[in-house]
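Enquirer: Have a peek at protein_5.pdb (PDB, C-alpha atoms).
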ATOM      1  CA  MET A  14    -121.773  -3.660 -60.649  1.00  0.00           C
ATOM      2  CA  MET A  15    -120.202  -0.580 -59.115  1.00  0.00           C
ATOM      3  CA  ILE A  16    -119.302  -2.592 -56.014  1.00  0.00           C
ATOM      4  CA  LEU A  17    -117.576  -5.220 -58.159  1.00  0.00           C
ATOM      5  CA  ALA A  18    -115.634  -2.516 -60.007  1.00  0.00           C
ATOM      6  CA  PHE A  19    -114.620  -0.913 -56.708  1.00  0.00           C
ATOM      7  CA  ILE A  20    -113.402  -4.226 -55.262  1.00  0.00           C
ATOM      8  CA  MET A  21    -111.324  -4.869 -58.369  1.00  0.00           C
ATOM      9  CA  ILE A  22    -109.824  -1.377 -58.270  1.00  0.00           C
ATOM     10  CA  PHE A  23    -109.136  -1.662 -54.535  1.00  0.00           C
ATOM     11  CA  LEU A  24    -107.322  -4.981 -54.991  1.00  0.00           C
ATOM     12  CA  GLY A  25    -105.401  -3.440 -57.884  1.00  0.00           C
ATOM     13  CA  PHE A  26    -104.145  -0.649 -55.648  1.00  0.00           C
ATOM     14  CA  VAL A  27    -103.195  -3.173 -52.978  1.00  0.00           C
ATOM     15  CA  GLN A  28    -101.113  -4.907 -55.656  1.00  0.00           C
ATOM     16  CA  PHE A  29     -99.533  -1.604 -56.713  1.00  0.00           C
ATOM     17  CA  ALA A  30     -98.643  -0.841 -53.102  1.00  0.00           C
ATOM     18  CA  MET A  31     -96.861  -4.166 -52.669  1.00  0.00           C
ATOM     19  CA  ALA A  32     -94.563  -3.311 -55.570  1.00  0.00           C
ATOM     20  CA  ILE A  33     -93.067  -0.545 -53.399  1.00  0.00           C
ATOM     21  CA  ASP A  34     -90.172  -1.635 -51.194  1.00  0.00           C
ATOM     22  CA  SER A  35     -91.354   0.036 -47.977  1.00  0.00           C
ATOM     23  CA  HIS A  36     -94.852  -1.448 -48.199  1.00  0.00           C
ATOM     24  CA  TYR A  37     -93.472  -4.891 -48.965  1.00  0.00           C
ATOM     25  CA  GLN A  38     -91.122  -4.581 -45.986  1.00  0.00           C
ATOM     26  CA  ALA A  39     -94.025  -3.586 -43.732  1.00  0.00           C
ATOM     27  CA  VAL A  40     -95.673  -6.933 -44.475  1.00  0.00           C
ATOM     28  CA  TYR A  41     -92.681  -9.292 -44.769  1.00  0.00           C
ATOM     29  CA  GLY A  42     -89.936  -7.675 -42.710  1.00  0.00           C
ATOM     30  CA  ARG A  43     -87.304  -4.990 -43.076  1.00  0.00           C
ATOM     31  CA  CYS A  44     -84.720  -7.002 -44.967  1.00  0.00           C
ATOM     32  CA  GLN A  45     -87.115  -8.198 -47.673  1.00  0.00           C
ATOM     33  CA  LYS A  46     -87.691  -6.585 -51.082  1.00  0.00           C
ATOM     34  CA  PRO A  47     -90.132  -7.578 -53.814  1.00  0.00           C
ATOM     35  CA  GLY A  48     -87.374  -8.068 -56.407  1.00  0.00           C
ATOM     36  CA  ARG A  49     -88.646  -9.438 -59.695  1.00  0.00           C
ATOM     37  CA  ARG A  50     -92.082 -10.006 -58.201  1.00  0.00           C
ATOM     38  CA  ARG A  51     -92.556  -6.240 -58.436  1.00  0.00           C
ATOM     39  CA  TYR A  52     -93.354  -6.586 -62.153  1.00  0.00           C
ATOM     40  CA  LEU A  53     -95.847  -9.353 -61.468  1.00  0.00           C
ATOM     41  CA  PHE A  54     -97.594  -7.202 -58.854  1.00  0.00           C
ATOM     42  CA  GLN A  55     -97.757  -4.265 -61.257  1.00  0.00           C
ATOM     43  CA  ALA A  56     -99.062  -6.420 -64.118  1.00  0.00           C
ATOM     44  CA  VAL A  57    -101.777  -7.949 -61.953  1.00  0.00           C
ATOM     45  CA  ALA A  58    -102.731  -4.481 -60.690  1.00  0.00           C
ATOM     46  CA  CYS A  59    -103.068  -3.192 -64.255  1.00  0.00           C
ATOM     47  CA  LEU A  60    -105.252  -6.175 -65.119  1.00  0.00           C
ATOM     48  CA  HIS A  61    -107.472  -5.416 -62.110  1.00  0.00           C
ATOM     49  CA  LEU A  62    -107.886  -1.803 -63.214  1.00  0.00           C
ATOM     50  CA  LEU A  63    -108.615  -2.746 -66.829  1.00  0.00           C
ATOM     51  CA  ALA A  64    -111.140  -5.364 -65.738  1.00  0.00           C
ATOM     52  CA  ALA A  65    -112.850  -2.757 -63.560  1.00  0.00           C
ATOM     53  CA  LEU A  66    -112.969  -0.383 -66.534  1.00  0.00           C
ATOM     54  CA  TRP A  67    -114.565  -3.141 -68.601  1.00  0.00           C
ATOM     55  CA  VAL A  68    -117.160  -3.722 -65.859  1.00  0.00           C
ATOM     56  CA  CYS A  69    -117.944   0.011 -65.832  1.00  0.00           C
ATOM     57  CA  THR A  70    -118.278   0.189 -69.619  1.00  0.00           C
ATOM     58  CA  THR A  71    -120.664  -2.759 -69.711  1.00  0.00           C
ATOM     59  CA  THR A  72    -122.853  -1.047 -67.106  1.00  0.00           C
ATOM     60  CA  TRP A  73    -122.848   2.559 -68.360  1.00  0.00           C
ATOM     61  CA  GLN A  74    -122.108   4.506 -71.520  1.00  0.00           C
ATOM     62  CA  LEU A  75    -118.416   5.106 -72.152  1.00  0.00           C
ATOM     63  CA  SER A  76    -118.358   8.742 -71.021  1.00  0.00           C
ATOM     64  CA  ILE A  77    -120.162   7.989 -67.740  1.00  0.00           C
ATOM     65  CA  ALA A  78    -118.161   4.775 -67.222  1.00  0.00           C
ATOM     66  CA  ILE A  79    -114.838   6.597 -67.397  1.00  0.00           C
ATOM     67  CA  ILE A  80    -116.006   9.220 -64.890  1.00  0.00           C
ATOM     68  CA  VAL A  81    -117.245   6.537 -62.478  1.00  0.00           C
ATOM     69  CA  TRP A  82    -114.023   4.553 -62.946  1.00  0.00           C
ATOM     70  CA  ILE A  83    -111.845   7.579 -62.151  1.00  0.00           C
ATOM     71  CA  GLY A  84    -113.953   8.350 -59.072  1.00  0.00           C
ATOM     72  CA  LEU A  85    -113.603   4.775 -57.865  1.00  0.00           C
ATOM     73  CA  ILE A  86    -109.847   4.943 -58.448  1.00  0.00           C
ATOM     74  CA  GLN A  87    -109.622   8.025 -56.240  1.00  0.00           C
ATOM     75  CA  LEU A  88    -111.668   6.424 -53.479  1.00  0.00           C
ATOM     76  CA  ALA A  89    -109.676   3.176 -53.567  1.00  0.00           C
ATOM     77  CA  ALA A  90    -106.344   5.031 -53.502  1.00  0.00           C
ATOM     78  CA  VAL A  91    -107.361   6.990 -50.410  1.00  0.00           C
ATOM     79  CA  LEU A  92    -108.591   3.837 -48.663  1.00  0.00           C
ATOM     80  CA  VAL A  93    -105.410   1.875 -49.406  1.00  0.00           C
ATOM     81  CA  ALA A  94    -103.269   4.797 -48.229  1.00  0.00           C
ATOM     82  CA  GLY A  95    -105.293   5.033 -45.016  1.00  0.00           C
ATOM     83  CA  LEU A  96    -105.087   1.307 -44.480  1.00  0.00           C
ATOM     84  CA  LEU A  97    -101.320   1.363 -44.924  1.00  0.00           C
ATOM     85  CA  THR A  98    -100.967   4.329 -42.584  1.00  0.00           C
ATOM     86  CA  TRP A  99    -103.250   3.418 -39.696  1.00  0.00           C
ATOM     87  CA  ARG A 100    -103.922  -0.322 -39.953  1.00  0.00           C
ATOM     88  CA  SER A 101    -100.894  -1.922 -41.558  1.00  0.00           C
ATOM     89  CA  SER A 102    -101.662  -5.253 -39.874  1.00  0.00           C
ATOM     90  CA  TRP A 103    -105.051  -5.291 -41.607  1.00  0.00           C
ATOM     91  CA  TYR A 104    -103.295  -4.460 -44.844  1.00  0.00           C
ATOM     92  CA  GLY A 105    -100.947  -7.418 -44.348  1.00  0.00           C
ATOM     93  CA  ALA A 106    -103.877  -9.750 -43.714  1.00  0.00           C
ATOM     94  CA  LEU A 107    -105.712  -8.420 -46.763  1.00  0.00           C
ATOM     95  CA  TRP A 108    -102.608  -8.934 -48.879  1.00  0.00           C
ATOM     96  CA  ARG A 109    -102.009 -12.487 -47.673  1.00  0.00           C
ATOM     97  CA  PHE A 110    -105.597 -13.699 -47.906  1.00  0.00           C
ATOM     98  CA  GLY A 111    -107.219 -11.472 -50.542  1.00  0.00           C
ATOM     99  CA  CYS A 112    -104.497 -11.054 -53.140  1.00  0.00           C
ATOM    100  CA  LEU A 113    -101.374 -12.826 -54.297  1.00  0.00           C
ATOM    101  CA  GLY A 114     -99.702 -12.847 -50.897  1.00  0.00           C
ATOM    102  CA  ARG A 115     -99.822 -16.596 -50.356  1.00  0.00           C
ATOM    103  CA  LEU A 116     -98.990 -17.418 -53.957  1.00  0.00           C
ATOM    104  CA  CYS A 117     -96.073 -15.027 -54.447  1.00  0.00           C
ATOM    105  CA  ALA A 118     -94.312 -15.181 -51.119  1.00  0.00           C
ATOM    106  CA  ASP A 119     -91.595 -17.717 -50.491  1.00  0.00           C
ATOM    107  CA  GLN A 120     -91.941 -19.694 -47.295  1.00  0.00           C
ATOM    108  CA  LYS A 121     -88.802 -18.087 -45.863  1.00  0.00           C
ATOM    109  CA  HIS A 122     -90.340 -14.621 -46.370  1.00  0.00           C
ATOM    110  CA  ASP A 123     -93.656 -15.434 -44.754  1.00  0.00           C
ATOM    111  CA  ILE A 124     -93.976 -13.865 -41.314  1.00  0.00           C
ATOM    112  CA  ASN A 125     -96.167 -16.727 -40.077  1.00  0.00           C
ATOM    113  CA  HIS A 126     -93.613 -19.350 -41.033  1.00  0.00           C
ATOM    114  CA  THR A 127     -91.864 -21.009 -38.124  1.00  0.00           C
ATOM    115  CA  PRO A 128     -88.683 -22.945 -38.896  1.00  0.00           C
ATOM    116  CA  SER A 129     -88.627 -26.594 -37.980  1.00  0.00           C
ATOM    117  CA  VAL A 130     -86.272 -27.588 -35.188  1.00  0.00           C
TER     118      VAL A 130
END
Represent the structure from my file as structure tokens, please.

Expert:
Amino acid sequence: MMILAFIMIFLGFVQFAMAIDSHYQAVYGRCQKPGRRRYLFQAVACLHLLAALWVCTTTWQLSIAIIVWIGLIQLAAVLVAGLLTWRSSWYGALWRFGCLGRLCADQKHDINHTPSV
């Protein structure tokens, strides 16, 4: 269950990162900004974190669950920051295929989209 909680927290932090203009631009191009989607990304990230807290509380007592949850948050934050810093292409692939990247991005913003001639 700890692995499930960590995956949910990790995906939540990926969602939080995409709400920041510079991280969004790293995936979709310099002239793009998340706009109103920022609030959707933040809401989904909060839901991921709350779901992970629920998973932790069903596995352990509340006091232990909160400590484990906070530790997992710290680990996930460091991993997302490292991924953004050193492997931004991996981050972009994770965003597009593991999160809301394909659902939230317009076709004109997608970096894999080729215009028809």

Enquirer: Name every residue that the PyMOL selection byres ((chain A and resi 27-40) around 7) selects in this structure, writing the answer as an MDAnalysis selection string with chains first and numbers rising.

Expert: chainID A and resid 23:26 41:47 51 54:55 58 93 105

Enquirer: Got a sec: who's within 10 Å of Ile79 in chain A, counting all atoms listed in the file, leaving out chain neighbours fewer than 3 positions off, as a list in words?

Expert: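 Once the adjacent positions are removed, what remains is Leu66, Trp67, Cys69, Thr70, Trp73, Gln74, Leu75, Ser76, Trp82, Ile83, Gly84 and Leu85 of chain A.
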
Enquirer: Could the residues in this selection be written to a file with C-alpha atoms, as a compact mmCIF listing (two decimals), in the coordinates of the input?

Expert:
# COMPACT_ATOMS: atom_id res chain seq x y z
CA LEU A 66 -112.97 -0.38 -66.53
CA TRP A 67 -114.56 -3.14 -68.60
CA CYS A 69 -117.94 0.01 -65.83
CA THR A 70 -118.28 0.19 -69.62
CA TRP A 73 -122.85 2.56 -68.36
CA GLN A 74 -122.11 4.51 -71.52
CA LEU A 75 -118.42 5.11 -72.15
CA SER A 76 -118.36 8.74 -71.02
CA TRP A 82 -114.02 4.55 -62.95
CA ILE A 83 -111.84 7.58 -62.15
CA GLY A 84 -113.95 8.35 -59.07
CA LEU A 85 -113.60 4.78 -57.86

Enquirer: Which value, in Å to one decimal, gives the distance between CA of Ala64 in chain A and CA of Ala90 in chain A?

Expert: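 Here the two named atoms are 16.8 Å from each other.
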
Enquirer: With all atoms listed in the file as the basis for distance, which of A:Ala56, A:Leu92, A:Ala78, A:Gln87 is at the shortest distance from Tyr104 in chain A?

Expert: A:Leu92

Enquirer: What is the CA of Ala18 in chain A-CA of Leu96 in chain A distance in Å, reported with one decimal?

Expert: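 Rounded to one decimal, the two atoms are 19.2 Å apart.
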
Enquirer: Measure the distance from CA of Phe110 in chain A to CA of Met15 in chain A in Å and round it to one decimal.

Expert: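 Separating CA of Phe110 in chain A from CA of Met15 in chain A is a distance of 22.6 Å.
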